[in-house]
file my_file13.cif (mmCIF, C-alpha atoms)
data_protein
loop_
_atom_site.group_PDB
_atom_site.id
_atom_site.type_symbol
_atom_site.label_atom_id
_atom_site.label_comp_id
_atom_site.auth_asym_id
_atom_site.auth_seq_id
_atom_site.Cartn_x
_atom_site.Cartn_y
_atom_site.Cartn_z
ATOM 1 C CA MET A 20 20.594 -89.957 7.163
ATOM 2 C CA ALA A 21 17.442 -88.300 8.440
ATOM 3 C CA CYS A 22 17.888 -85.317 6.105
ATOM 4 C CA THR A 23 18.324 -87.645 3.115
ATOM 5 C CA SER A 24 15.326 -89.721 4.061
ATOM 6 C CA THR A 25 13.085 -86.659 4.089
ATOM 7 C CA ARG A 26 13.684 -85.697 0.466
ATOM 8 C CA ARG A 27 10.520 -87.425 -0.665
ATOM 9 C CA THR A 28 8.432 -85.417 1.788
ATOM 10 C CA SER A 29 10.270 -82.257 0.797
ATOM 11 C CA HIS A 30 9.522 -82.837 -2.889
ATOM 12 C CA PHE A 31 5.861 -83.446 -2.035
ATOM 13 C CA LEU A 32 5.686 -80.163 -0.128
ATOM 14 C CA ARG A 33 7.282 -78.284 -3.015
ATOM 15 C CA GLY A 34 4.705 -79.836 -5.351
ATOM 16 C CA VAL A 35 1.897 -78.613 -3.133
ATOM 17 C CA PHE A 36 3.363 -75.092 -3.097
ATOM 18 C CA VAL A 37 3.746 -75.084 -6.888
ATOM 19 C CA ARG A 38 0.160 -76.208 -7.443
ATOM 20 C CA ARG A 39 -1.047 -73.505 -5.115
ATOM 21 C CA ALA A 40 1.088 -70.901 -6.862
ATOM 22 C CA VAL A 41 -0.431 -71.567 -10.292
ATOM 23 C CA SER A 42 -3.958 -71.164 -8.929
ATOM 24 C CA SER A 43 -5.516 -67.716 -8.976
ATOM 25 C CA LEU A 44 -5.324 -65.934 -5.639
ATOM 26 C CA VAL A 45 -8.591 -64.496 -4.351
ATOM 27 C CA LEU A 46 -6.647 -61.830 -2.430
ATOM 28 C CA PRO A 47 -3.282 -60.163 -3.002
ATOM 29 C CA ALA A 48 -0.456 -62.227 -1.509
ATOM 30 C CA PRO A 49 1.023 -60.608 1.606
ATOM 31 C CA PRO A 50 4.468 -59.059 1.171
ATOM 32 C CA THR A 51 7.503 -61.130 2.099
ATOM 33 C CA VAL A 52 8.897 -60.194 5.503
ATOM 34 C CA THR A 53 12.634 -59.574 5.265
ATOM 35 C CA LEU A 54 15.470 -58.519 7.555
ATOM 36 C CA ALA A 55 18.587 -56.583 6.686
ATOM 37 C CA VAL A 56 21.873 -58.415 6.214
ATOM 38 C CA GLU A 57 25.138 -56.647 6.946
ATOM 39 C CA GLY A 58 26.510 -55.708 3.551
ATOM 40 C CA GLY A 59 23.198 -54.707 1.962
ATOM 41 C CA GLU A 60 21.285 -57.912 1.165
ATOM 42 C CA ARG A 61 17.974 -59.091 2.644
ATOM 43 C CA PHE A 62 17.014 -62.290 4.511
ATOM 44 C CA PRO A 63 13.454 -63.564 3.861
ATOM 45 C CA VAL A 64 11.658 -64.704 7.009
ATOM 46 C CA ARG A 65 9.574 -67.884 6.872
ATOM 47 C CA ARG A 66 8.785 -68.856 10.458
ATOM 48 C CA ILE A 67 9.819 -67.679 13.944
ATOM 49 C CA TYR A 68 10.627 -70.059 16.791
ATOM 50 C CA CYS A 69 11.580 -68.977 20.314
ATOM 51 C CA VAL A 70 13.343 -70.977 23.032
ATOM 52 C CA GLY A 71 12.014 -70.563 26.557
ATOM 53 C CA ARG A 72 14.203 -70.375 29.671
ATOM 54 C CA ASN A 73 17.528 -71.038 27.988
ATOM 55 C CA TYR A 74 19.702 -69.261 30.571
ATOM 56 C CA TRP A 75 20.102 -70.642 34.091
ATOM 57 C CA ASP A 76 19.562 -67.338 35.849
ATOM 58 C CA HIS A 77 16.475 -66.400 33.826
ATOM 59 C CA GLY A 78 14.910 -69.810 34.422
ATOM 60 C CA ILE A 79 15.282 -69.275 38.163
ATOM 61 C CA GLU A 80 14.111 -65.672 37.827
ATOM 62 C CA MET A 81 10.877 -66.902 36.233
ATOM 63 C CA GLY A 82 10.265 -69.503 38.936
ATOM 64 C CA GLY A 83 11.556 -72.584 37.114
ATOM 65 C CA ASP A 84 14.300 -75.127 37.660
ATOM 66 C CA PRO A 85 16.274 -75.020 34.395
ATOM 67 C CA SER A 86 18.572 -77.844 35.417
ATOM 68 C CA ARG A 87 15.626 -80.235 35.024
ATOM 69 C CA GLU A 88 13.917 -78.754 31.963
ATOM 70 C CA PRO A 89 14.411 -79.873 28.361
ATOM 71 C CA PRO A 90 14.167 -77.010 25.848
ATOM 72 C CA PHE A 91 10.659 -75.850 25.004
ATOM 73 C CA PHE A 92 9.537 -73.639 22.156
ATOM 74 C CA PHE A 93 6.823 -71.160 21.273
ATOM 75 C CA HIS A 94 6.138 -69.249 18.075
ATOM 76 C CA LYS A 95 5.679 -65.747 16.791
ATOM 77 C CA PRO A 96 3.940 -64.981 13.482
ATOM 78 C CA THR A 97 6.267 -64.221 10.596
ATOM 79 C CA ASP A 98 5.279 -60.564 10.430
ATOM 80 C CA ALA A 99 6.189 -60.068 14.104
ATOM 81 C CA ALA A 100 9.772 -59.738 12.850
ATOM 82 C CA VAL A 101 10.711 -56.081 12.498
ATOM 83 C CA ASP A 102 13.841 -54.786 10.795
ATOM 84 C CA VAL A 103 15.297 -52.122 13.088
ATOM 85 C CA SER A 104 18.707 -52.037 11.428
ATOM 86 C CA ALA A 105 18.261 -48.459 10.220
ATOM 87 C CA GLY A 106 18.267 -47.084 13.778
ATOM 88 C CA SER A 107 15.864 -44.493 15.221
ATOM 89 C CA VAL A 108 12.962 -46.897 14.676
ATOM 90 C CA ASP A 109 9.734 -46.355 16.616
ATOM 91 C CA LEU A 110 7.695 -49.389 17.702
ATOM 92 C CA PRO A 111 4.145 -48.914 18.984
ATOM 93 C CA PHE A 112 3.232 -49.803 22.551
ATOM 94 C CA PRO A 113 0.868 -52.767 22.098
ATOM 95 C CA GLN A 114 -2.761 -52.694 23.125
ATOM 96 C CA GLN A 115 -4.276 -54.858 25.871
ATOM 97 C CA THR A 116 -1.295 -54.683 28.205
ATOM 98 C CA GLU A 117 0.041 -52.620 31.070
ATOM 99 C CA LYS A 118 3.216 -54.668 31.467
ATOM 100 C CA LEU A 119 5.234 -54.670 28.259
ATOM 101 C CA ALA A 120 8.491 -56.532 28.916
ATOM 102 C CA TYR A 121 11.840 -56.724 27.124
ATOM 103 C CA GLU A 122 13.896 -59.891 26.654
ATOM 104 C CA GLY A 123 17.202 -59.368 24.844
ATOM 105 C CA GLU A 124 18.201 -62.381 22.725
ATOM 106 C CA LEU A 125 20.667 -63.782 20.233
ATOM 107 C CA VAL A 126 18.699 -64.608 17.073
ATOM 108 C CA MET A 127 19.717 -67.471 14.815
ATOM 109 C CA ALA A 128 18.862 -67.534 11.085
ATOM 110 C CA VAL A 129 18.431 -70.909 9.357
ATOM 111 C CA GLY A 130 19.796 -71.463 5.861
ATOM 112 C CA ARG A 131 19.074 -75.144 5.120
ATOM 113 C CA GLU A 132 16.093 -77.471 5.001
ATOM 114 C CA GLY A 133 15.927 -80.620 7.081
ATOM 115 C CA SER A 134 14.395 -82.549 9.948
ATOM 116 C CA GLU A 135 15.911 -84.752 12.639
ATOM 117 C CA VAL A 136 19.254 -83.095 12.029
ATOM 118 C CA ALA A 137 22.316 -84.978 13.256
ATOM 119 C CA PRO A 138 24.532 -83.171 15.793
ATOM 120 C CA SER A 139 27.472 -83.394 13.396
ATOM 121 C CA ASP A 140 25.463 -81.547 10.727
ATOM 122 C CA ALA A 141 23.724 -78.943 12.901
ATOM 123 C CA ALA A 142 26.221 -76.098 12.434
ATOM 124 C CA SER A 143 25.695 -76.169 8.665
ATOM 125 C CA PHE A 144 22.040 -75.193 9.176
ATOM 126 C CA ILE A 145 22.954 -71.891 10.813
ATOM 127 C CA TRP A 146 23.055 -69.209 8.117
ATOM 128 C CA GLY A 147 23.711 -66.307 10.436
ATOM 129 C CA TYR A 148 23.051 -64.435 13.662
ATOM 130 C CA GLY A 149 21.518 -61.169 14.841
ATOM 131 C CA ALA A 150 20.597 -59.289 17.999
ATOM 132 C CA GLY A 151 16.900 -59.145 18.818
ATOM 133 C CA VAL A 152 14.284 -58.592 21.488
ATOM 134 C CA ASP A 153 11.427 -60.894 22.395
ATOM 135 C CA MET A 154 8.768 -58.343 23.345
ATOM 136 C CA THR A 155 6.260 -59.791 25.801
ATOM 137 C CA ARG A 156 2.914 -58.728 27.226
ATOM 138 C CA ARG A 157 3.856 -60.014 30.661
ATOM 139 C CA ASP A 158 0.464 -59.539 32.275
ATOM 140 C CA LEU A 159 -1.232 -61.568 29.548
ATOM 141 C CA GLN A 160 1.470 -64.219 29.825
ATOM 142 C CA GLN A 161 0.834 -64.549 33.561
ATOM 143 C CA VAL A 162 -2.893 -64.958 32.957
ATOM 144 C CA ALA A 163 -2.142 -67.637 30.377
ATOM 145 C CA LYS A 164 0.161 -69.443 32.798
ATOM 146 C CA ASP A 165 -2.398 -69.284 35.602
ATOM 147 C CA MET A 166 -5.119 -70.661 33.331
ATOM 148 C CA ARG A 167 -2.785 -73.135 31.580
ATOM 149 C CA ARG A 168 -3.459 -71.571 28.212
ATOM 150 C CA PRO A 169 -1.107 -70.940 25.258
ATOM 151 C CA TRP A 170 1.111 -67.858 25.193
ATOM 152 C CA CYS A 171 -0.004 -66.677 21.735
ATOM 153 C CA ALA A 172 -1.495 -63.339 22.812
ATOM 154 C CA SER A 173 1.420 -62.533 25.109
ATOM 155 C CA LYS A 174 4.236 -63.373 22.686
ATOM 156 C CA GLY A 175 2.893 -63.220 19.132
ATOM 157 C CA PHE A 176 1.548 -59.683 18.741
ATOM 158 C CA ASP A 177 2.438 -57.096 16.092
ATOM 159 C CA PHE A 178 6.029 -55.763 16.210
ATOM 160 C CA SER A 179 6.976 -58.241 18.952
ATOM 161 C CA GLY A 180 10.192 -59.451 17.286
ATOM 162 C CA PRO A 181 12.542 -56.561 16.440
ATOM 163 C CA VAL A 182 15.895 -57.691 15.022
ATOM 164 C CA GLY A 183 19.050 -55.825 13.993
ATOM 165 C CA ALA A 184 21.004 -56.559 10.832
ATOM 166 C CA LEU A 185 22.009 -60.198 10.417
ATOM 167 C CA VAL A 186 25.600 -61.344 10.039
ATOM 168 C CA ARG A 187 26.637 -64.530 8.237
ATOM 169 C CA ALA A 188 27.664 -67.358 10.542
ATOM 170 C CA GLU A 189 31.190 -67.538 9.152
ATOM 171 C CA SER A 190 31.716 -63.922 10.229
ATOM 172 C CA PHE A 191 30.614 -64.389 13.838
ATOM 173 C CA ASP A 192 32.229 -66.444 16.581
ATOM 174 C CA MET A 193 30.241 -66.799 19.814
ATOM 175 C CA ALA A 194 33.276 -67.721 21.901
ATOM 176 C CA GLY A 195 33.902 -65.172 24.630
ATOM 177 C CA LYS A 196 31.044 -62.918 23.502
ATOM 178 C CA ASN A 197 28.466 -61.267 25.772
ATOM 179 C CA ILE A 198 24.863 -60.190 25.355
ATOM 180 C CA GLU A 199 23.353 -57.179 27.094
ATOM 181 C CA LEU A 200 20.239 -55.054 26.946
ATOM 182 C CA LYS A 201 20.009 -51.385 27.855
ATOM 183 C CA VAL A 202 16.990 -49.201 28.512
ATOM 184 C CA ASN A 203 17.659 -45.478 28.159
ATOM 185 C CA GLY A 204 21.372 -46.225 28.384
ATOM 186 C CA GLU A 205 21.122 -48.204 31.633
ATOM 187 C CA ARG A 206 22.204 -51.837 31.525
ATOM 188 C CA LYS A 207 19.365 -54.163 32.480
ATOM 189 C CA GLN A 208 20.598 -57.526 31.210
ATOM 190 C CA HIS A 209 24.086 -58.917 30.757
ATOM 191 C CA SER A 210 25.463 -62.419 30.314
ATOM 192 C CA PRO A 211 28.144 -64.378 28.498
ATOM 193 C CA LEU A 212 26.550 -66.252 25.612
ATOM 194 C CA GLU A 213 28.251 -69.396 26.894
ATOM 195 C CA LYS A 214 25.720 -69.465 29.748
ATOM 196 C CA MET A 215 23.013 -70.628 27.370
ATOM 197 C CA ILE A 216 21.808 -74.030 28.569
ATOM 198 C CA TRP A 217 21.159 -75.258 25.021
ATOM 199 C CA LYS A 218 23.750 -74.074 22.507
ATOM 200 C CA PRO A 219 22.742 -73.091 18.937
ATOM 201 C CA GLU A 220 23.685 -76.458 17.414
ATOM 202 C CA GLU A 221 21.792 -78.306 20.149
ATOM 203 C CA ILE A 222 18.754 -76.121 19.515
ATOM 204 C CA ILE A 223 18.862 -77.038 15.826
ATOM 205 C CA VAL A 224 19.028 -80.760 16.664
ATOM 206 C CA TYR A 225 16.216 -80.648 19.206
ATOM 207 C CA LEU A 226 13.869 -78.336 17.286
ATOM 208 C CA SER A 227 14.298 -80.241 14.017
ATOM 209 C CA GLY A 228 13.005 -83.331 15.793
ATOM 210 C CA TYR A 229 9.623 -81.613 16.047
ATOM 211 C CA HIS A 230 9.546 -79.283 13.035
ATOM 212 C CA ARG A 231 11.078 -79.456 9.589
ATOM 213 C CA LEU A 232 13.411 -76.483 9.344
ATOM 214 C CA PHE A 233 13.533 -74.377 6.182
ATOM 215 C CA PRO A 234 15.725 -71.566 4.884
ATOM 216 C CA GLY A 235 14.290 -68.348 6.265
ATOM 217 C CA ASP A 236 13.411 -69.663 9.718
ATOM 218 C CA LEU A 237 14.445 -67.558 12.702
ATOM 219 C CA ILE A 238 15.161 -68.904 16.176
ATOM 220 C CA PHE A 239 15.217 -66.569 19.182
ATOM 221 C CA THR A 240 17.612 -68.432 21.473
ATOM 222 C CA GLY A 241 16.453 -67.251 24.911
ATOM 223 C CA THR A 242 17.153 -64.398 27.296
ATOM 224 C CA PRO A 243 19.338 -63.987 30.410
ATOM 225 C CA ALA A 244 18.137 -62.675 33.762
ATOM 226 C CA GLY A 245 17.129 -59.072 34.235
ATOM 227 C CA VAL A 246 13.929 -58.921 32.201
ATOM 228 C CA GLY A 247 11.801 -55.925 33.050
ATOM 229 C CA GLN A 248 9.068 -53.536 32.081
ATOM 230 C CA LEU A 249 8.980 -50.836 29.410
ATOM 231 C CA LYS A 250 7.039 -47.614 29.079
ATOM 232 C CA ARG A 251 6.370 -45.255 26.202
ATOM 233 C CA GLY A 252 9.424 -43.236 25.265
ATOM 234 C CA ASP A 253 11.954 -45.855 26.363
ATOM 235 C CA LEU A 254 15.012 -46.408 24.156
ATOM 236 C CA VAL A 255 15.815 -50.121 23.978
ATOM 237 C CA GLU A 256 19.183 -51.500 22.826
ATOM 238 C CA SER A 257 19.837 -55.216 22.537
ATOM 239 C CA LEU A 258 23.575 -55.691 22.046
ATOM 240 C CA VAL A 259 25.598 -58.781 21.186
ATOM 241 C CA GLU A 260 29.348 -58.347 20.839
ATOM 242 C CA GLY A 261 30.331 -58.713 17.203
ATOM 243 C CA LEU A 262 26.815 -58.075 15.825
ATOM 244 C CA PRO A 263 24.975 -54.902 14.747
ATOM 245 C CA PRO A 264 22.674 -53.499 17.453
ATOM 246 C CA CYS A 265 18.927 -53.956 17.735
ATOM 247 C CA SER A 266 17.780 -50.500 18.759
ATOM 248 C CA PHE A 267 14.326 -48.894 18.877
ATOM 249 C CA VAL A 268 12.067 -46.547 20.836
ATOM 250 C CA VAL A 269 8.718 -47.636 22.299
ATOM 251 C CA ARG A 270 5.978 -45.240 21.285
#
call {"tool": "encode", "arguments": {"input": "my_file13.cif", "output": "structure tokens"}}
result
Amino acid sequence: MACTSTRRTSHFLRGVFVRRAVSSLVLPAPPTVTLAVEGGERFPVRRIYCVGRNYWDHGIEMGGDPSREPPFFFHKPTDAAVDVSAGSVDLPFPQQTEKLAYEGELVMAVGREGSEVAPSDAASFIWGYGAGVDMTRRDLQQVAKDMRRPWCASKGFDFSGPVGALVRAESFDMAGKNIELKVNGERKQHSPLEKMIWKPEEIIVYLSGYHRLFPGDLIFTGTPAGVGQLKRGDLVESLVEGLPPCSFVVR
């Protein structure tokens, strides 16, 4: 019912976009950010959401009590998404940090528009999945936490959202699958996906209560315990069983 009731707002938004499109642009429009899809197509990225502390062990690792926390979200800019599906991709070590951290994650791609999505309809919003890494400037994040400031500088920098090739939802079953992250071949993170506190469909329901979802949205679904620090020259591999790898080298 909620999705139907939002059609009027959706049509209004489309009208705004059309009016803007017919106006002359004072600068060239930025290129559309896209990610590879297994099979050769491309997925256009609209917005990036990230779920915080969505694994029990990581919540404890970061000093929280996940059993008492509802899901919370932060954002990355659209162009933080980086297609690393080709392999042998170099990502630059970001400026203004001495503690660059990895967080291996299952990434969810949204394929429908809607808000206040009903639990029974949530699965239909999931277009596909991929393996990714939420790159974090941990020292800046700690400063932000200490000063009760937003995490923008620590989470939303250039190249902070590498993602491997996406796979359509109908071709991927999470049941019994694991996620792991390796640095230079050494396993640093490992967990069954079933240990996520908030499952993908629940994330869709909760997030859509705050933000209207659109085709092209990405949702980083959280990381298990074992997060750690990276240095230049490190080979990072985020691996989800049944999905193409997210692999890159920090330069």
call {"tool": "closest_atom_pairs", "arguments": {"input": "my_file13.cif", "of": "stretch 116-197 of chain A", "to": "stretch 58-73 of chain A", "cutoff": "9 Å", "atoms": "only C-alpha atoms", "output": "tab-separated table"}}
result
residue	atom	partner	partner_atom	distance
A:Val126	CA	A:Cys69	CA	9.0
A:Ala128	CA	A:Phe62	CA	8.6
A:Asp153	CA	A:Cys69	CA	8.3
A:Gly180	CA	A:Ile67	CA	8.9
A:Leu185	CA	A:Phe62	CA	8.0
A:Val186	CA	A:Gly58	CA	8.6
call {"tool": "resolve_selection", "arguments": {"input": "my_file13.cif", "expression": "the PyMOL selection byres ((chain A and resi 204) around 10)", "output": "tab-separated table (two decimals) with C-alpha atoms, in the coordinates of the input"}}
result
chain	number	residue	atom	x	y	z
A	200	LEU	CA	20.24	-55.05	26.95
A	201	LYS	CA	20.01	-51.38	27.86
A	202	VAL	CA	16.99	-49.20	28.51
A	203	ASN	CA	17.66	-45.48	28.16
A	205	GLU	CA	21.12	-48.20	31.63
A	206	ARG	CA	22.20	-51.84	31.52
A	207	LYS	CA	19.36	-54.16	32.48
A	253	ASP	CA	11.95	-45.86	26.36
A	254	LEU	CA	15.01	-46.41	24.16
A	255	VAL	CA	15.82	-50.12	23.98
A	256	GLU	CA	19.18	-51.50	22.83
call {"tool": "closest_residue", "arguments": {"input": "my_file13.cif", "among": "A:Val129, A:Leu258, A:Leu110, A:Val52", "to": "A:Asp236", "atoms": "only C-alpha atoms"}}
result
A:Val129
call {"tool": "atom_distance", "arguments": {"input": "my_file13.cif", "atom1": "atom CA of A:Phe233", "atom2": "atom CA of A:Pro169"}}
result
24.3 Å
call {"tool": "residues_around", "arguments": {"input": "my_file13.cif", "residues": "A:Gln248", "least_positions_apart": "6", "cutoff": "9 Å", "atoms": "all atoms listed in the file", "output": "list in words"}}
result
Lys118, Leu119, Ala120, Tyr121 and Arg157 of chain A
call {"tool": "write_last_selection", "arguments": {"input": "my_file13.cif", "atoms": "C-alpha atoms", "output": "CSV table (one decimal), keeping the file's coordinate frame"}}
result
chain,number,residue,atom,x,y,z
A,118,LYS,CA,3.2,-54.7,31.5
A,119,LEU,CA,5.2,-54.7,28.3
A,120,ALA,CA,8.5,-56.5,28.9
A,121,TYR,CA,11.8,-56.7,27.1
A,157,ARG,CA,3.9,-60.0,30.7
call {"tool": "residues_around", "arguments": {"input": "my_file13.cif", "residues": "A:Ser107", "least_positions_apart": "3", "cutoff": "8 Å", "atoms": "all atoms listed in the file", "output": "list in words"}}
result
Val103, Ser266, Phe267 and Val268 of chain A
call {"tool": "axis_aligned_box", "arguments": {"input": "my_file13.cif", "around": "stretch 248-253 of chain A", "padding_each_side": "5 Å", "output": "JSON"}}
result
{"center_x": 9.2, "center_y": -48.4, "center_z": 28.7, "size_x": 15.6, "size_y": 20.3, "size_z": 16.8}
call {"tool": "atom_distance", "arguments": {"input": "my_file13.cif", "atom1": "atom CA of A:Pro243", "atom2": "atom CA of A:His209"}}
result
7.0 Å
call {"tool": "closest_residue", "arguments": {"input": "my_file13.cif", "among": "A:Lys95, A:Gly149, A:Val246, A:Tyr74", "to": "A:Trp170", "atoms": "only C-alpha atoms"}}
result
A:Lys95
call {"tool": "resolve_selection", "arguments": {"input": "my_file13.cif", "expression": "the PyMOL selection byres ((chain A and resi 137) around 12)", "output": "count of residues only"}}
result
24
call {"tool": "atom_distance", "arguments": {"input": "my_file13.cif", "atom1": "atom CA of A:Gly261", "atom2": "atom CA of A:Pro211"}}
result
12.8 Å
call {"tool": "resolve_selection", "arguments": {"input": "my_file13.cif", "expression": "the PyMOL selection byres ((chain A and resi 183) around 10)", "output": "VMD selection string"}}
result
chain A and resid 54 to 57 101 to 106 126 148 to 152 181 to 182 184 to 186 256 to 258 262 to 267
call {"tool": "closest_residue", "arguments": {"input": "my_file13.cif", "among": "A:Gly123, A:Gly195, A:Pro111, A:Gly175", "to": "A:Ala99", "atoms": "all atoms listed in the file"}}
result
A:Gly175
call {"tool": "closest_residue", "arguments": {"input": "my_file13.cif", "among": "A:Phe112, A:His94, A:Gly247, A:Thr242", "to": "A:Trp217", "atoms": "only C-alpha atoms"}}
result
A:Thr242
